[in-house]
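**Q** Structure: work_17.txt, compact mmCIF, C-alpha atoms.
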```
# COMPACT_ATOMS: atom_id res chain seq x y z
CA MET H 103 37.44 -78.82 -118.57
CA ASP H 104 39.01 -78.79 -115.15
CA LYS H 105 39.77 -75.05 -115.08
CA LEU H 106 37.91 -72.45 -113.05
CA HIS H 107 37.61 -69.30 -115.17
CA LYS H 108 37.55 -65.87 -113.50
CA ILE H 109 36.12 -62.59 -114.73
CA SER H 110 37.06 -59.32 -112.98
CA LEU H 111 34.56 -56.46 -112.74
CA SER H 112 34.41 -52.96 -111.29
CA THR H 113 30.99 -51.66 -110.37
CA GLY H 114 30.25 -47.93 -110.37
CA SER H 115 27.40 -47.41 -107.93
CA ARG H 116 25.64 -48.92 -104.92
CA SER H 117 23.02 -50.78 -106.98
CA GLN H 118 23.74 -51.68 -110.59
CA PHE H 119 23.15 -54.45 -113.13
CA LEU H 120 26.07 -55.15 -115.50
CA ASP H 121 25.51 -57.27 -118.63
CA ILE H 122 28.24 -59.95 -118.58
CA THR H 123 26.85 -62.18 -121.37
CA ALA H 124 29.68 -61.37 -123.78
CA ARG H 125 32.33 -61.98 -121.09
CA VAL H 126 30.98 -65.50 -120.49
CA GLN H 127 30.63 -66.19 -124.24
CA GLU H 128 34.31 -65.18 -124.65
CA ILE H 129 35.35 -67.99 -122.30
CA ILE H 130 33.15 -70.53 -124.13
CA SER H 131 34.65 -69.46 -127.47
CA ARG H 132 38.26 -69.36 -126.26
CA GLU H 133 37.95 -72.84 -124.70
CA LYS H 134 36.21 -74.16 -127.84
CA VAL H 135 33.36 -75.67 -125.83
CA LYS H 136 30.75 -77.18 -128.15
CA ASP H 137 28.02 -78.52 -125.87
CA GLY H 138 27.32 -78.68 -122.17
CA LEU H 139 26.60 -76.48 -119.18
CA ALA H 140 28.30 -73.31 -117.94
CA LEU H 141 27.85 -72.66 -114.24
CA VAL H 142 28.31 -68.95 -113.47
CA TRP H 143 29.06 -68.18 -109.82
CA VAL H 144 29.41 -64.92 -107.84
CA PRO H 145 31.70 -65.47 -104.81
CA HIS H 146 30.24 -62.46 -102.94
CA THR H 147 27.33 -62.23 -100.48
CA THR H 148 26.10 -58.74 -101.39
CA ALA H 149 25.85 -59.32 -105.14
CA GLY H 150 24.06 -61.80 -107.40
CA LEU H 151 23.15 -62.85 -110.92
CA THR H 152 19.96 -62.63 -112.94
CA ILE H 153 18.81 -63.18 -116.51
CA ASN H 154 16.48 -60.55 -117.89
CA GLU H 155 15.79 -58.18 -120.79
CA ASN H 156 18.76 -56.61 -122.53
CA ALA H 157 16.87 -54.32 -124.91
CA ASP H 158 15.29 -51.47 -122.90
CA PRO H 159 17.56 -50.37 -120.01
CA ASP H 160 14.42 -49.22 -118.15
CA VAL H 161 13.67 -52.89 -117.37
CA VAL H 162 16.73 -53.40 -115.17
CA ARG H 163 16.21 -49.94 -113.65
CA ASP H 164 12.64 -50.93 -112.73
CA ILE H 165 13.83 -54.23 -111.20
CA LEU H 166 16.45 -52.43 -109.08
CA ALA H 167 13.97 -49.75 -107.97
CA SER H 168 11.34 -52.34 -107.05
CA LEU H 169 13.82 -54.38 -104.98
CA ASP H 170 14.96 -51.18 -103.23
CA LYS H 171 11.37 -50.26 -102.40
CA ARG H 172 10.43 -53.69 -100.96
CA PHE H 173 13.75 -54.34 -99.23
CA PRO H 174 14.82 -50.87 -98.06
CA TRP H 175 18.38 -50.01 -97.00
CA ASP H 176 17.18 -49.08 -93.48
CA ASP H 177 14.74 -51.50 -91.91
CA GLY H 178 15.77 -52.15 -88.30
CA TYR H 179 18.42 -54.69 -89.24
CA GLY H 180 20.76 -56.23 -86.64
CA HIS H 181 23.86 -56.69 -88.84
CA SER H 182 26.36 -54.04 -87.78
CA GLU H 183 27.82 -53.44 -91.25
CA GLY H 184 24.49 -51.88 -92.23
CA ASN H 185 24.23 -53.66 -95.59
CA SER H 186 21.65 -56.33 -94.77
CA ALA H 187 19.42 -55.18 -97.63
CA ALA H 188 22.23 -56.11 -100.03
CA HIS H 189 22.50 -59.59 -98.47
CA ILE H 190 18.74 -60.11 -98.82
CA LYS H 191 18.74 -59.04 -102.47
CA SER H 192 21.71 -61.36 -103.08
CA SER H 193 19.68 -64.32 -101.79
CA LEU H 194 16.62 -63.27 -103.81
CA MET H 195 18.49 -63.09 -107.13
CA GLY H 196 20.87 -65.94 -106.23
CA CYS H 197 24.63 -66.14 -106.74
CA GLN H 198 24.64 -68.95 -109.32
CA LYS H 199 23.01 -69.56 -112.69
CA THR H 200 23.56 -72.53 -114.99
CA LEU H 201 23.48 -71.75 -118.71
CA ILE H 202 23.20 -74.03 -121.74
CA VAL H 203 26.06 -74.19 -124.24
CA GLN H 204 24.84 -75.40 -127.63
CA ASP H 205 26.99 -75.52 -130.79
CA GLY H 206 29.60 -73.28 -129.18
CA ARG H 207 27.16 -70.55 -128.08
CA LEU H 208 25.23 -69.73 -124.92
CA ALA H 209 21.64 -70.70 -125.70
CA LEU H 210 19.59 -67.62 -124.78
CA GLY H 211 16.21 -66.22 -125.75
CA THR H 212 16.13 -63.23 -128.11
CA TRP H 213 15.88 -60.64 -125.33
CA GLN H 214 17.87 -62.41 -122.60
CA GLY H 215 21.09 -61.10 -121.11
CA LEU H 216 23.03 -62.38 -118.09
CA TYR H 217 23.47 -59.65 -115.50
CA PHE H 218 25.87 -59.28 -112.60
CA CYS H 219 23.79 -57.63 -109.83
CA GLU H 220 25.70 -55.22 -107.61
CA PHE H 221 23.82 -54.44 -104.39
CA ASP H 222 26.58 -52.89 -102.25
CA GLY H 223 28.99 -51.09 -104.56
CA PRO H 224 30.97 -49.57 -105.92
CA ARG H 225 33.48 -52.41 -105.54
CA LYS H 226 35.88 -54.66 -107.38
CA ARG H 227 34.12 -57.99 -107.97
CA GLU H 228 34.73 -61.42 -109.47
CA VAL H 229 32.59 -63.88 -111.39
CA TRP H 230 33.61 -67.54 -111.72
CA VAL H 231 32.68 -69.81 -114.62
CA LYS H 232 32.89 -73.62 -114.55
CA ILE H 233 32.18 -75.61 -117.71
CA VAL H 234 31.00 -79.20 -117.86
CA GLU H 235 30.81 -80.69 -121.35
CA GLY H 236 28.20 -83.31 -122.08
CA MET S 141 23.39 -85.80 -125.36
CA ASP S 142 24.17 -82.88 -127.61
CA LYS S 143 20.56 -82.04 -128.46
CA LEU S 144 18.57 -79.11 -127.13
CA HIS S 145 15.02 -80.29 -126.46
CA LYS S 146 12.11 -77.86 -126.84
CA ILE S 147 8.67 -77.92 -125.27
CA SER S 148 5.89 -75.67 -126.64
CA LEU S 149 3.26 -74.21 -124.34
CA SER S 150 0.21 -71.97 -124.56
CA THR S 151 -0.73 -70.04 -121.46
CA GLY S 152 -4.31 -68.98 -120.83
CA SER S 153 -4.16 -65.93 -118.58
CA ARG S 154 -1.91 -63.07 -117.48
CA SER S 155 -0.53 -64.91 -114.44
CA GLN S 156 -0.54 -68.70 -114.31
CA PHE S 157 1.54 -71.66 -113.15
CA LEU S 158 1.57 -74.70 -115.47
CA ASP S 159 2.87 -78.05 -114.19
CA ILE S 160 5.40 -79.24 -116.79
CA THR S 161 6.92 -82.13 -114.80
CA ALA S 162 5.46 -84.81 -117.07
CA ARG S 163 6.64 -82.98 -120.20
CA VAL S 164 10.24 -82.98 -118.93
CA GLN S 165 9.99 -86.62 -117.77
CA GLU S 166 8.81 -87.56 -121.30
CA ILE S 167 12.08 -86.24 -122.75
CA ILE S 168 14.17 -88.12 -120.15
CA SER S 169 12.27 -91.33 -120.92
CA ARG S 170 12.36 -90.95 -124.71
CA GLU S 171 16.12 -90.24 -124.64
CA LYS S 172 16.68 -93.16 -122.25
CA VAL S 173 18.74 -91.02 -119.85
CA LYS S 174 19.73 -93.01 -116.77
CA ASP S 175 21.66 -90.59 -114.57
CA GLY S 176 22.70 -86.99 -114.68
CA LEU S 177 21.34 -83.46 -114.66
CA ALA S 178 18.50 -81.89 -116.66
CA LEU S 179 18.77 -78.13 -117.04
CA VAL S 180 15.36 -76.60 -117.74
CA TRP S 181 15.47 -73.12 -119.29
CA VAL S 182 12.80 -70.54 -120.11
CA PRO S 183 13.99 -68.28 -122.99
CA HIS S 184 11.57 -65.47 -122.05
CA THR S 185 12.04 -62.48 -119.75
CA THR S 186 8.45 -62.21 -118.44
CA ALA S 187 8.12 -65.86 -117.38
CA GLY S 188 10.02 -68.22 -115.10
CA LEU S 189 10.23 -71.60 -113.42
CA THR S 190 9.62 -72.77 -109.87
CA ILE S 191 9.31 -76.02 -107.97
CA ASN S 192 6.47 -76.20 -105.46
CA GLU S 193 3.51 -78.22 -104.21
CA ASN S 194 1.48 -80.13 -106.80
CA ALA S 195 -1.29 -81.42 -104.47
CA ASP S 196 -3.51 -78.48 -103.44
CA PRO S 197 -3.91 -75.96 -106.31
CA ASP S 198 -4.49 -73.24 -103.69
CA VAL S 199 -0.74 -73.25 -103.04
CA VAL S 200 0.22 -71.94 -106.47
CA ARG S 201 -2.75 -69.56 -106.39
CA ASP S 202 -1.46 -68.16 -103.07
CA ILE S 203 2.07 -67.76 -104.47
CA LEU S 204 0.78 -65.89 -107.52
CA ALA S 205 -1.49 -63.66 -105.41
CA SER S 206 1.31 -62.84 -102.98
CA LEU S 207 3.74 -61.92 -105.77
CA ASP S 208 1.03 -59.72 -107.36
CA LYS S 209 0.42 -57.95 -104.05
CA ARG S 210 4.12 -57.21 -103.35
CA PHE S 211 5.08 -56.45 -106.95
CA PRO S 212 1.97 -54.74 -108.34
CA TRP S 213 1.29 -54.29 -112.03
CA ASP S 214 1.27 -50.47 -111.66
CA ASP S 215 4.07 -49.05 -109.56
CA GLY S 216 5.56 -46.02 -111.29
CA TYR S 217 7.73 -48.09 -113.64
CA GLY S 218 9.78 -46.50 -116.44
CA HIS S 219 9.59 -49.36 -118.97
CA SER S 220 7.21 -48.24 -121.73
CA GLU S 221 5.74 -51.69 -122.41
CA GLY S 222 4.08 -51.54 -118.98
CA ASN S 223 5.00 -55.10 -117.99
CA SER S 224 7.87 -54.41 -115.57
CA ALA S 225 6.12 -56.37 -112.81
CA ALA S 226 6.37 -59.47 -115.01
CA HIS S 227 10.10 -58.89 -115.53
CA ILE S 228 10.62 -58.54 -111.76
CA LYS S 229 8.71 -61.75 -111.01
CA SER S 230 10.72 -63.52 -113.71
CA SER S 231 13.96 -62.58 -111.93
CA LEU S 232 12.54 -63.59 -108.52
CA MET S 233 11.51 -67.08 -109.66
CA GLY S 234 14.42 -67.43 -112.10
CA CYS S 235 14.38 -68.77 -115.67
CA GLN S 236 16.47 -71.89 -115.05
CA LYS S 237 16.30 -74.88 -112.71
CA THR S 238 18.59 -77.89 -112.68
CA LEU S 239 16.95 -81.21 -111.82
CA ILE S 240 18.43 -84.57 -110.86
CA VAL S 241 17.89 -87.58 -113.11
CA GLN S 242 18.28 -90.83 -111.18
CA ASP S 243 17.58 -94.31 -112.59
CA GLY S 244 15.71 -92.81 -115.52
CA ARG S 245 13.41 -90.60 -113.44
CA LEU S 246 13.42 -86.98 -112.28
CA ALA S 247 14.29 -87.17 -108.56
CA LEU S 248 11.58 -85.12 -106.84
CA GLY S 249 10.09 -84.95 -103.36
CA THR S 250 6.62 -86.45 -102.85
CA TRP S 251 4.80 -83.12 -103.27
CA GLN S 252 7.11 -81.41 -105.75
CA GLY S 253 6.11 -80.37 -109.26
CA LEU S 254 8.03 -78.23 -111.77
CA TYR S 255 5.98 -75.20 -112.81
CA PHE S 256 6.27 -72.90 -115.79
CA CYS S 257 5.41 -69.43 -114.41
CA GLU S 258 3.56 -67.17 -116.81
CA PHE S 259 3.63 -63.52 -115.67
CA ASP S 260 2.56 -61.71 -118.86
CA GLY S 261 0.21 -63.98 -120.75
CA PRO S 262 -1.68 -65.33 -122.45
CA ARG S 263 1.10 -66.20 -124.90
CA LYS S 264 2.76 -68.99 -126.80
CA ARG S 265 5.89 -69.98 -124.87
CA GLU S 266 8.85 -72.36 -125.05
CA VAL S 267 10.83 -74.32 -122.49
CA TRP S 268 14.25 -75.74 -123.32
CA VAL S 269 15.79 -78.84 -121.74
CA LYS S 270 19.50 -79.74 -121.85
CA ILE S 271 20.67 -83.06 -120.45
CA VAL S 272 24.16 -83.83 -119.16
CA GLU S 273 24.75 -87.46 -118.21
CA GLY S 274 27.21 -88.21 -115.49
CA MET R 166 28.93 -90.84 -110.04
CA ASP R 167 25.55 -92.46 -110.34
CA LYS R 168 24.68 -92.29 -106.65
CA LEU R 169 22.20 -89.91 -105.05
CA HIS R 170 23.60 -88.80 -101.70
CA LYS R 171 21.23 -87.95 -98.84
CA ILE R 172 21.77 -85.74 -95.79
CA SER R 173 19.33 -85.89 -92.85
CA LEU R 174 18.56 -82.78 -90.82
CA SER R 175 16.41 -81.81 -87.85
CA THR R 176 15.33 -78.20 -87.66
CA GLY R 177 14.54 -76.57 -84.31
CA SER R 178 12.13 -73.74 -85.04
CA ARG R 179 9.56 -72.50 -87.53
CA SER R 180 12.06 -70.35 -89.49
CA GLN R 181 15.74 -71.16 -89.39
CA PHE R 182 18.85 -71.22 -91.61
CA LEU R 183 21.22 -74.16 -91.06
CA ASP R 184 24.74 -74.05 -92.52
CA ILE R 185 25.19 -77.35 -94.41
CA THR R 186 28.42 -76.50 -96.26
CA ALA R 187 30.52 -78.98 -94.26
CA ARG R 188 27.95 -81.76 -94.79
CA VAL R 189 28.16 -81.33 -98.57
CA GLN R 190 31.97 -81.07 -98.49
CA GLU R 191 32.07 -84.36 -96.56
CA ILE R 192 30.33 -86.11 -99.48
CA ILE R 193 32.73 -84.56 -102.02
CA SER R 194 35.72 -85.67 -99.92
CA ARG R 195 34.41 -89.17 -99.20
CA GLU R 196 33.64 -89.75 -102.90
CA LYS R 197 37.05 -88.31 -103.91
CA VAL R 198 35.49 -85.98 -106.48
CA LYS R 199 38.14 -83.74 -108.05
CA ASP R 200 36.27 -81.49 -110.48
CA GLY R 201 32.71 -80.94 -111.56
CA LEU R 202 29.33 -79.77 -110.32
CA ALA R 203 27.43 -80.68 -107.16
CA LEU R 204 23.67 -80.18 -107.44
CA VAL R 205 22.12 -79.74 -103.99
CA TRP R 206 18.36 -80.36 -103.87
CA VAL R 207 15.74 -79.97 -101.13
CA PRO R 208 12.81 -82.39 -101.73
CA HIS R 209 10.39 -80.28 -99.65
CA THR R 210 8.03 -77.48 -100.67
CA THR R 211 8.20 -75.41 -97.47
CA ALA R 212 12.00 -75.22 -97.28
CA GLY R 213 14.79 -74.03 -99.55
CA LEU R 214 18.48 -73.32 -100.04
CA THR R 215 20.49 -70.13 -100.17
CA ILE R 216 24.11 -69.04 -100.20
CA ASN R 217 24.98 -66.11 -97.97
CA GLU R 218 27.33 -64.79 -95.29
CA ASN R 219 28.61 -67.27 -92.71
CA ALA R 220 30.49 -64.79 -90.48
CA ASP R 221 27.97 -62.61 -88.60
CA PRO R 222 24.85 -64.63 -87.65
CA ASP R 223 22.86 -61.35 -87.72
CA VAL R 224 22.92 -61.55 -91.52
CA VAL R 225 20.79 -64.68 -91.75
CA ARG R 226 18.58 -63.39 -88.92
CA ASP R 227 18.00 -60.18 -90.93
CA ILE R 228 17.18 -62.17 -94.09
CA LEU R 229 14.65 -64.33 -92.21
CA ALA R 230 13.07 -61.30 -90.52
CA SER R 231 12.79 -59.40 -93.78
CA LEU R 232 11.13 -62.35 -95.56
CA ASP R 233 8.71 -62.74 -92.64
CA LYS R 234 7.81 -59.05 -92.80
CA ARG R 235 7.15 -58.99 -96.59
CA PHE R 236 5.50 -62.43 -96.77
CA PRO R 237 3.59 -62.65 -93.48
CA TRP R 238 2.28 -65.90 -92.03
CA ASP R 239 -1.32 -64.60 -92.19
CA ASP R 240 -2.28 -62.87 -95.42
CA GLY R 241 -5.69 -64.10 -96.56
CA TYR R 242 -4.31 -67.27 -98.12
CA GLY R 243 -6.59 -69.98 -99.57
CA HIS R 244 -4.42 -73.04 -98.79
CA SER R 245 -6.09 -74.84 -95.90
CA GLU R 246 -2.89 -76.02 -94.22
CA GLY R 247 -2.16 -72.39 -93.33
CA ASN R 248 1.51 -72.50 -94.37
CA SER R 249 1.35 -70.68 -97.70
CA ALA R 250 3.96 -68.16 -96.54
CA ALA R 251 6.43 -71.05 -96.22
CA HIS R 252 5.65 -72.21 -99.78
CA ILE R 253 6.19 -68.67 -101.11
CA LYS R 254 9.54 -68.32 -99.32
CA SER R 255 10.55 -71.76 -100.66
CA SER R 256 9.98 -70.54 -104.22
CA LEU R 257 11.83 -67.26 -103.54
CA MET R 258 14.97 -68.94 -102.21
CA GLY R 259 14.63 -71.97 -104.50
CA CYS R 260 15.06 -75.66 -103.68
CA GLN R 261 18.17 -76.30 -105.76
CA LYS R 262 21.64 -74.77 -106.03
CA THR R 263 24.50 -75.97 -108.20
CA LEU R 264 27.97 -75.60 -106.69
CA ILE R 265 31.42 -75.82 -108.26
CA VAL R 266 33.82 -78.58 -107.17
CA GLN R 267 37.41 -77.61 -107.90
CA ASP R 268 40.46 -79.66 -106.83
CA GLY R 269 38.35 -81.67 -104.42
CA ARG R 270 36.77 -78.65 -102.68
CA LEU R 271 33.56 -76.68 -103.02
CA ALA R 272 34.62 -73.40 -104.65
CA LEU R 273 33.13 -70.68 -102.43
CA GLY R 274 33.87 -67.03 -101.73
CA THR R 275 35.54 -66.18 -98.40
CA TRP R 276 32.27 -65.39 -96.62
CA GLN R 277 29.94 -67.80 -98.40
CA GLY R 278 28.11 -70.64 -96.69
CA LEU R 279 25.37 -72.90 -98.08
CA TYR R 280 22.25 -72.73 -95.93
CA PHE R 281 19.27 -75.04 -95.63
CA CYS R 282 16.27 -72.70 -95.18
CA GLU R 283 13.53 -74.02 -92.90
CA PHE R 284 10.28 -72.08 -93.32
CA ASP R 285 7.78 -74.42 -91.63
CA GLY R 286 9.61 -76.26 -88.85
CA PRO R 287 10.54 -77.77 -86.63
CA ARG R 288 10.70 -80.92 -88.78
CA LYS R 289 12.92 -83.74 -89.94
CA ARG R 290 14.24 -82.83 -93.38
CA GLU R 291 16.43 -84.23 -96.17
CA VAL R 292 18.90 -82.70 -98.60
CA TRP R 293 19.97 -84.58 -101.74
CA VAL R 294 23.31 -84.15 -103.50
CA LYS R 295 24.05 -85.29 -107.07
CA ILE R 296 27.57 -85.00 -108.45
CA VAL R 297 28.54 -84.73 -112.10
CA GLU R 298 32.26 -84.83 -112.80
CA GLY R 299 33.60 -82.92 -115.78
```
Let's see the structure in the file written out as structure tokens.
**A**
Amino acid sequence: MDKLHKISLSTGSRSQFLDITARVQEIISREKVKDGLALVWVPHTTAGLTINENADPDVVRDILASLDKRFPWDDGYGHSEGNSAAHIKSSLMGCQKTLIVQDGRLALGTWQGLYFCEFDGPRKREVWVKIVEG
Amino acid sequence: MDKLHKISLSTGSRSQFLDITARVQEIISREKVKDGLALVWVPHTTAGLTINENADPDVVRDILASLDKRFPWDDGYGHSEGNSAAHIKSSLMGCQKTLIVQDGRLALGTWQGLYFCEFDGPRKREVWVKIVEG
Amino acid sequence: MDKLHKISLSTGSRSQFLDITARVQEIISREKVKDGLALVWVPHTTAGLTINENADPDVVRDILASLDKRFPWDDGYGHSEGNSAAHIKSSLMGCQKTLIVQDGRLALGTWQGLYFCEFDGPRKREVWVKIVEG
């Protein structure tokens, strides 16, 4: 599985969580992976990844609002681009998550979805997926 | 190593860290894994995993208290179940950690333990472990 | 790839981010790894790892300052060593990151660097690297 798979995304606002679970599952299914690990990687420094509830959209709204409140957009930052809050939130959520592939499917809890976290949009973004069978 | 290993847990309070290092090591030992990676996964969205000090129990108490202070239980959330703070803390700690297996043992620093983080207990919980040798 | 690779570091202040990307790439190159995953692990409980911008040094300064502001050194902690803030920041950044190795190189976005996060220095520290080809 030496390929690096790429997913293209367009985000629509400054802060936004996009459920990309089905996009990653598509790659697993297309490549006929049975068992192993899928490393999902965001090659950007003002975005991230998280796994959280995919049922009530208020959950991701509450997470975004809480991060905005604790790590406000204006806070006496030194970085001249003015988007330091987005960099901080990127480090807090992290840019990489490793998922289990079991019997050809991502092994997830009932309410779990994998979210791309936009913290400085709207932008065109990429997500990379690397599979290791085992 | 195509199996998905499952650990069952019962938590005893709303917020609690449980050291599960020995439970994961048991699986490594039973499966006679020599070298590789062990992906530990929590299939819940109001719990997580972290690695921190296992010597003085005040350390995990301080971490829990600090998270509670910064991400309070009541904070004008929209999610009707009222447990948004637990979802936020789940995303901050993360639901997956990848550990090194070396010569049949989890490779950990002297003071490191792997903790299951309960943020909305008490509940019955699961932890999944996927091993990739390499 | 059954070896566990170790990097030695000396940090110079209480809170500091050190770019260790080249140190990890050196191991990949020396071991002639073509494709797979590199798990980077910090065996300490008052330090961590993060991936963020490597262009403007103000970015990592802003991240450190923001973490210090939200998780202050003195905050009524119980842990007698007095460094609970460092333990909390270790759990927030995490002590392990899994990176993609593709065609003999760490696969990183244009502005991404891998940082060792010192939260209780200055100290001598270690970073471990485990490679799984696949």
**Q** Please find the residues of chain S near chain H - the criterion being any atom within 9 Å, counting all atoms listed in the file - and write them as an NGL selection string.
**A** :S and (141-144 or 179 or 181-186 or 210-211 or 215-220 or 223-225 or 227-228 or 230-238 or 269-274)
**Q** Neighbours of R:Ile172 within 12 Å (only C-alpha atoms; same-chain residues fewer than 5 positions away dropped), as a list in words?
**A**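 These residues fall inside the cut-off: Ile185, Thr186, Ala187, Arg188, Val189, Gln190, Glu191, Ile192, Val205, Trp206, Val207, Pro208, Phe281, Lys289, Arg290, Glu291, Val292, Trp293, Val294 and Lys295 of chain R.
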**Q** Restrict the selected residues to C-alpha atoms and save them as a tab-separated table (two decimals), keeping the file's coordinate frame.
**A**
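And here's result-v6.tsv as it stands now:
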```tsv
chain	number	residue	atom	x	y	z
R	185	ILE	CA	25.19	-77.35	-94.41
R	186	THR	CA	28.42	-76.50	-96.26
R	187	ALA	CA	30.52	-78.98	-94.26
R	188	ARG	CA	27.95	-81.76	-94.79
R	189	VAL	CA	28.16	-81.33	-98.57
R	190	GLN	CA	31.97	-81.07	-98.49
R	191	GLU	CA	32.07	-84.36	-96.56
R	192	ILE	CA	30.33	-86.11	-99.48
R	205	VAL	CA	22.12	-79.74	-103.99
R	206	TRP	CA	18.36	-80.36	-103.87
R	207	VAL	CA	15.74	-79.97	-101.13
R	208	PRO	CA	12.81	-82.39	-101.73
R	281	PHE	CA	19.27	-75.04	-95.63
R	289	LYS	CA	12.92	-83.74	-89.94
R	290	ARG	CA	14.24	-82.83	-93.38
R	291	GLU	CA	16.43	-84.23	-96.17
R	292	VAL	CA	18.90	-82.70	-98.60
R	293	TRP	CA	19.97	-84.58	-101.74
R	294	VAL	CA	23.31	-84.15	-103.50
R	295	LYS	CA	24.05	-85.29	-107.07
```
**Q** For atom CA of H:Leu216 and atom CA of H:Leu120, quote the distance in Å rounded to one decimal.
**A**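 The value is 8.3 Å.
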**Q** What is the atom CA of H:Val135 to atom CA of S:Arg170 distance in Å?
**A** 26.0 Å
**Q** To one decimal in Å, tell me the separation between atom CA of S:Gly188 and atom CA of S:Ala226.
**A**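 Computing the Euclidean distance for atom CA of S:Gly188 and atom CA of S:Ala226 yields 9.5 Å.
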**Q** I'd like the neighbourhood of H:Gly223 as number ranges by chain, where a residue qualifies if any of its atoms comes within 9 Å (using only C-alpha atoms), though same-chain residues fewer than 4 positions away should be ignored.
**A** H: 112-118, 148-149
**Q** Just checking: using all atoms listed in the file, which residue out of S:Leu149, S:Pro262, S:Asp159, S:Glu171 ends up closest to S:Arg245?
**A**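 Under the stated criterion, the closest residue is S:Glu171.
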**Q** Between H:Phe221, H:Ala157, H:Lys108, H:Ser131, which one has atoms that come closest to H:Pro174, using all atoms listed in the file?
**A**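 Closest to H:Pro174, using all atoms listed in the file: H:Phe221.
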